[in-house]
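Visitor: A single structure is presented below for examination.
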Amino acid sequence: MKRKYILIDCFQDIPCNPCEEICPHKAIEVGSPITRTPRYYEERCDGCAKCVAVCPGLCIYLVEEEEGSDKMTITLPYEFLPLPRKGELASVLDYNGREVGQGIVKRVKNTKSENGTALISVEVSRAIGLAARNILIRKTDDSEPELVEGERESFTDFQICRCEEVLLSELRTLAKMGIVFAPNLRRFSRVGLGLCQGKACSELMFSELSNITGMTVGELGHPKARPPVRPIKLRELFG
Amino acid sequence: MEVLSAEVAVIGGGVIGAATAYYLSKEGAEVLLIEAEDLASGASGACDGFLFLQSKKPGPQLDLARESINLFAELEKDLDIDIEFNRCGGLVLAKSTEELKALKSYAKKMKSAGLDVEILNATEVKNTLVGCSDQIVGASHCKDDAQVNPIALTLGLAKKAQDMGTTILKKCRVENIVIANDRVRELKTSLGSVHTRRVVCAAGIGSNQIGKMAIIDVPVMPRKGQIIVTEPVAPMLGKVISDMEYLGMKQNLEEIMPKSEEGRRLGLGFTAEQTKSGNILLGSTREFVGMDTSTTPEAINAIAKNAITYLPKIEDLDVIRSFAGLRPYSPDGLPILGGVKGIKGFYLATGHSGDGICLAPITGKLIAELVLDGETSIDISPFSLSRFK
């Protein structure tokens, strides 16, 4: 008998529920408040792995096992380049990044609908299967890996600011228009002007901006930070 | 840098400079836009998006504003960036019978100036503005009041101007203006010389300094406006909203200015608008504190308190940010537009005093006419610099 189920490594009370929203079978429930950790109902799950690709924390994994077999298949989210190839031998890493064994890449799925996150299915021995959290492909030489055509493009755009849902490509467009200084990029794109006020995305924005423009972080200028430091209810502002 | 030349040089990359460059380019002029920092890095990037006809003084100012609103509809189509122009209508709320009485007499003036204003009673206000306070006894409504995204507007105008041939120099400071035989000849800038015979000063709060280079006194003072921003929420306001004290502050009407000592010190007036992204911008203050652009706990608290008084149901919204900008305030609150006696080729488009966004399109259009044709389609003499002498 075949069994498909997911593992969720989510134990922080953070406001996040894409897994709940994307599941077509209501097999994952976060509910309210949104900071609750997800609950999983295996009996409703058909193993579609949509949640694996959508989880921003990359902490959901799909397990496929068959009764009587000493192997199992783990499907994990993968956001590095180059992508592994089907049939490649991969080192299997655990939660702490330690190598716990080896596996064979069985499937590489990288579709637009997954928003750039590739799904890698690795066949591993049952003994290490449930510990597998990532894989590492050992390079045989130091040369730049060759990318399959279209691979880089599919990965080069992502949401740089999640609160305001600003894509990296939007910053590139603005930079092309000559808007390169950070305060103005923020003003025009709204990057860093949402709920977290740039606490989560500033560093990423500066490093990407530096890549795009060739300017140093110092040259890019610093957008002004303004009160409140964290969101505060209007009624709590009575002085 | 090599020596540049331009048919017209526009000083200032805010909304006024961008609009002026846009209308000049549209007429085929060869324009150089000089900006000390970056586009919209001054007041144009730190304000709300009110296009509020009801707050304009009936007379020349209101006439300009009405022409400007019509131009927004054209700009919305012509610019390549969505400026989020929304003819949502606007409300001025009255929270006492005295205020309502003053509002009614003010509405009469607006009506006789041709503005389509109606007075709403308490029930009608409640139906228009769901969840507003029971204290509100009435309001005036003008369906032509609107809103826009000021930052997108500035960028859209500048980009379109650029596409039509305008050159934009950023991080470039004007250091001197060379005038010979009563005519502008050259600009000295931090990036080199610019040969030009026509200069438009659209430098906002920097206009005073630019004026000194031409040995004229441009009486523009920085007046700080603070605004707070809530988290984005589903559309709930529908209209741009102000109170009577805001009107009092805008038009120097003593009888409806804030009564409390704090309100006076801060120049407090209530404003609320919901942007396309869903954030509610709550304002605002009018403070003379030099070049200081900080936001202060005192003002943030006062704005929050004021806002809850009028809109109790927003009290559970999270405030995520505050910001402040320096409005180029002129002594009578009206813009300073037009040429300057004794200096050919020097034009002023400044001093908009918190109405810059609303008046930008018409300002740009009229200044372009003046620079290129020597006359304007609307009389701008009420806004001339010489009115202060």
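Going by the structure tokens order, chains are called A, B, ..., each with residues numbered from 1, while ligands are numbered from 1 in the order shown.
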Contacts of Gln197 (chain A) at 12 Å or less, counting only C-alpha atoms, minus same-chain residues fewer than 2 places along, as a ChimeraX atom specification?
Guide: /A:161-164,186,190-195,199-202,223-231 /B:229-231,319-322
Visitor: Gly49 (chain B): which residues within 7 Å, counting only C-alpha atoms, same-chain residues fewer than 4 positions away excluded, as a short mmCIF file (atom, residue, chain, number, x, y, z; two decimals) with all heavy atoms, in the first residue's frame?
Guide:
data_model
loop_
_atom_site.label_atom_id
_atom_site.label_comp_id
_atom_site.auth_asym_id
_atom_site.auth_seq_id
_atom_site.Cartn_x
_atom_site.Cartn_y
_atom_site.Cartn_z
N GLN B 147 -8.87 62.57 -5.76
CA GLN B 147 -7.58 62.21 -5.17
C GLN B 147 -6.68 61.66 -6.27
O GLN B 147 -7.14 61.26 -7.34
CB GLN B 147 -7.75 61.20 -4.03
CG GLN B 147 -8.34 59.90 -4.48
CD GLN B 147 -8.46 58.85 -3.39
OE1 GLN B 147 -9.15 57.87 -3.57
NE2 GLN B 147 -7.80 59.02 -2.26
N VAL B 148 -5.38 61.64 -5.96
CA VAL B 148 -4.39 61.18 -6.93
C VAL B 148 -3.22 60.64 -6.12
O VAL B 148 -3.10 60.92 -4.93
CB VAL B 148 -3.96 62.38 -7.84
CG1 VAL B 148 -3.06 63.33 -7.09
CG2 VAL B 148 -3.30 61.91 -9.12
N ASN B 149 -2.38 59.84 -6.76
CA ASN B 149 -1.15 59.41 -6.09
C ASN B 149 -0.05 60.40 -6.48
O ASN B 149 0.41 60.42 -7.61
CB ASN B 149 -0.78 58.00 -6.55
CG ASN B 149 0.52 57.50 -5.94
OD1 ASN B 149 1.40 58.29 -5.60
ND2 ASN B 149 0.65 56.20 -5.79
N PRO B 150 0.35 61.28 -5.52
CA PRO B 150 1.26 62.38 -5.87
C PRO B 150 2.62 61.89 -6.37
O PRO B 150 3.24 62.53 -7.22
CB PRO B 150 1.40 63.17 -4.57
CG PRO B 150 0.93 62.26 -3.49
CD PRO B 150 -0.02 61.29 -4.09
#
Visitor: Hey, list the chain B side of the contact with chain A: 8 Å cut-off, only C-alpha atoms, answer as a count of residues only.
Guide: 28
Visitor: Do you know which residues are at most 12 Å from Asp243 (chain B) counting only C-alpha atoms, after dropping those on the same chain fewer than 2 positions away, and could you put them as a VMD selection string?
Guide: chain B and resid 54 to 55 90 to 96 99 to 100 103 136 to 141 240 to 241 245 to 250 256 to 258 268 to 272 282 to 284 306 to 307 309 to 311
Visitor: Would you compute the distance between CA of Leu64 (chain B) and CA of Phe50 (chain B)? Give it in Å to one decimal.
Guide: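 One can read the CA of Leu64 (chain B) to CA of Phe50 (chain B) distance as 15.2 Å.
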Visitor: Show which residues sit within 10 Å of Met236 (chain B), as a VMD selection string. Count only C-alpha atoms, and ignore same-chain residues fewer than 4 positions away.
Guide: chain B and resid 129 to 131 273 to 274 278 280 314
Visitor: For the residues selected in the previous step, produce a file with C-alpha atoms as a tab-separated table (two decimals), in the first residue's frame.
Guide:
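The resulting file, selection_27.tsv, is shown below:
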chain	number	residue	atom	x	y	z
B	129	LEU	CA	-19.68	57.93	5.39
B	130	VAL	CA	-20.61	54.68	7.10
B	131	GLY	CA	-19.40	54.47	10.68
B	273	GLU	CA	-8.14	59.66	2.46
B	274	GLN	CA	-7.83	56.04	1.50
B	278	GLY	CA	-5.93	50.60	0.85
B	280	ILE	CA	-5.63	55.39	5.10
B	314	ILE	CA	-10.89	53.12	12.60
Visitor: Hey, can you check how far CA of Ala36 (chain B) sits from CA of Gly156 (chain B)?
Guide: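 Value for the CA of Ala36 (chain B)-CA of Gly156 (chain B) distance: 18.9 Å.
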Visitor: Go through A:Gly116, A:Gly214, A:Gly101, A:Pro18 one by one, measure the shortest atom-to-atom distance of each to Phe158 (chain A) using only C-alpha atoms, and give the residue with the smallest value.
Guide: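 Among A:Gly116, A:Gly214, A:Gly101, A:Pro18, it is A:Gly116 that comes nearest to Phe158 (chain A).
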Visitor: Excluding Val30 (chain A) and its own-chain neighbours fewer than 5 positions away, which residues fall within 7 Å of it when counting only C-alpha atoms? Please give them as a list in words.
Guide: Asn17, Glu20, Arg36, Thr37, Pro38 and Arg39 of chain A
Visitor: Please, which residues of region 111-221 of chain A, numbered as in this document, come out alpha helix (DSSP H) from DSSP, as a short mmCIF file (atom, residue, chain, number, x, y, z; two decimals) with C-alpha atoms, in the first residue's frame?
Guide:
data_model
loop_
_atom_site.label_atom_id
_atom_site.label_comp_id
_atom_site.auth_asym_id
_atom_site.auth_seq_id
_atom_site.Cartn_x
_atom_site.Cartn_y
_atom_site.Cartn_z
CA ARG A 126 13.81 4.56 4.83
CA ALA A 127 16.37 4.89 7.62
CA ILE A 128 17.19 8.56 6.78
CA GLY A 129 14.06 9.53 4.83
CA GLU A 151 16.34 28.42 -16.01
CA ARG A 152 17.90 31.63 -14.80
CA GLU A 153 15.00 33.76 -16.05
CA SER A 154 12.51 31.67 -14.17
CA PHE A 155 14.45 32.29 -11.00
CA LEU A 168 12.53 42.50 -7.99
CA SER A 169 11.71 43.13 -11.66
CA GLU A 170 9.84 46.30 -10.64
CA LEU A 171 13.02 47.64 -9.02
CA ARG A 172 14.93 46.76 -12.19
CA THR A 173 12.41 48.67 -14.29
CA LEU A 174 12.74 51.73 -12.06
CA ALA A 175 16.53 51.50 -12.08
CA LYS A 176 16.42 51.48 -15.88
CA ALA A 182 17.22 53.92 -2.31
CA PRO A 183 14.91 56.58 -0.82
CA ASN A 184 13.32 57.19 -4.19
CA LEU A 185 13.17 53.56 -5.19
CA ARG A 186 11.22 53.02 -2.03
CA ARG A 187 8.96 55.99 -2.72
CA PHE A 188 8.16 54.87 -6.26
CA SER A 189 7.98 51.11 -5.77
CA SER A 202 15.86 46.13 3.49
CA GLU A 203 19.01 44.05 3.46
CA LEU A 204 17.83 42.04 0.49
CA MET A 205 16.80 45.18 -1.32
CA PHE A 206 20.19 46.81 -0.79
CA SER A 207 22.15 43.79 -1.96
CA GLU A 208 19.99 43.36 -5.07
CA LEU A 209 20.09 47.07 -5.78
CA SER A 210 23.83 47.05 -5.47
CA ASN A 211 23.90 44.18 -8.00
CA ILE A 212 21.64 46.02 -10.41
CA THR A 213 23.35 49.41 -10.29
CA VAL A 217 25.22 50.52 -0.37
CA GLY A 218 26.64 53.83 0.88
CA GLU A 219 26.15 55.45 -2.51
CA LEU A 220 22.57 54.21 -2.75
#
Visitor: Quick one, how far is CA of Arg183 (chain B) from CA of Asn208 (chain B)?
Guide: 19.3 Å
Visitor: Hey, which of B:Pro219, B:Pro328, B:Gly165, B:Gly290 ends up closest to Ala21 (chain B)? Count only C-alpha atoms.
Guide: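 When distances to Ala21 (chain B) are compared using only C-alpha atoms, the smallest one comes from B:Gly165.
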Visitor: Show me, as a ChimeraX atom specification, the residues that have an atom within 12 Å of Tyr41 (chain A) when counting only C-alpha atoms, minus same-chain residues fewer than 3 positions from it.
Guide: /A:4-8,20,23,25-30,38,44-47
Visitor: With distances taken over only C-alpha atoms, which of A:Ile74, A:Ala131, A:Leu119, A:Leu62 is nearest to Asp94 (chain A)?
Guide: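 Nearest candidate to Asp94 (chain A) out of A:Ile74, A:Ala131, A:Leu119, A:Leu62: A:Ala131.
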Visitor: Please identify the strand (DSSP E or B) residues within region 33-211 of chain A (assignment by DSSP from backbone atoms) and present them as a ChimeraX atom specification.
Guide: /A:39-40,60-66,71-78,89-93,99-109,118-125,134-136,159-161,166-167
Visitor: Check the smallest atom-to-atom distance from each of B:Glu2, B:Glu35, B:Glu98, B:Asp116 to Val15 (chain B) using only C-alpha atoms, then report the winner.
Guide: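 For Val15 (chain B), the nearest of the candidates is B:Glu35.
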Visitor: Please identify all polymer residues within 8 Å of Thr363 (chain B), counting only C-alpha atoms, omitting same-chain residues fewer than 6 positions from it, and present them as a PyMOL selection string.
Guide: chain B and resi 16+19-20+337+349
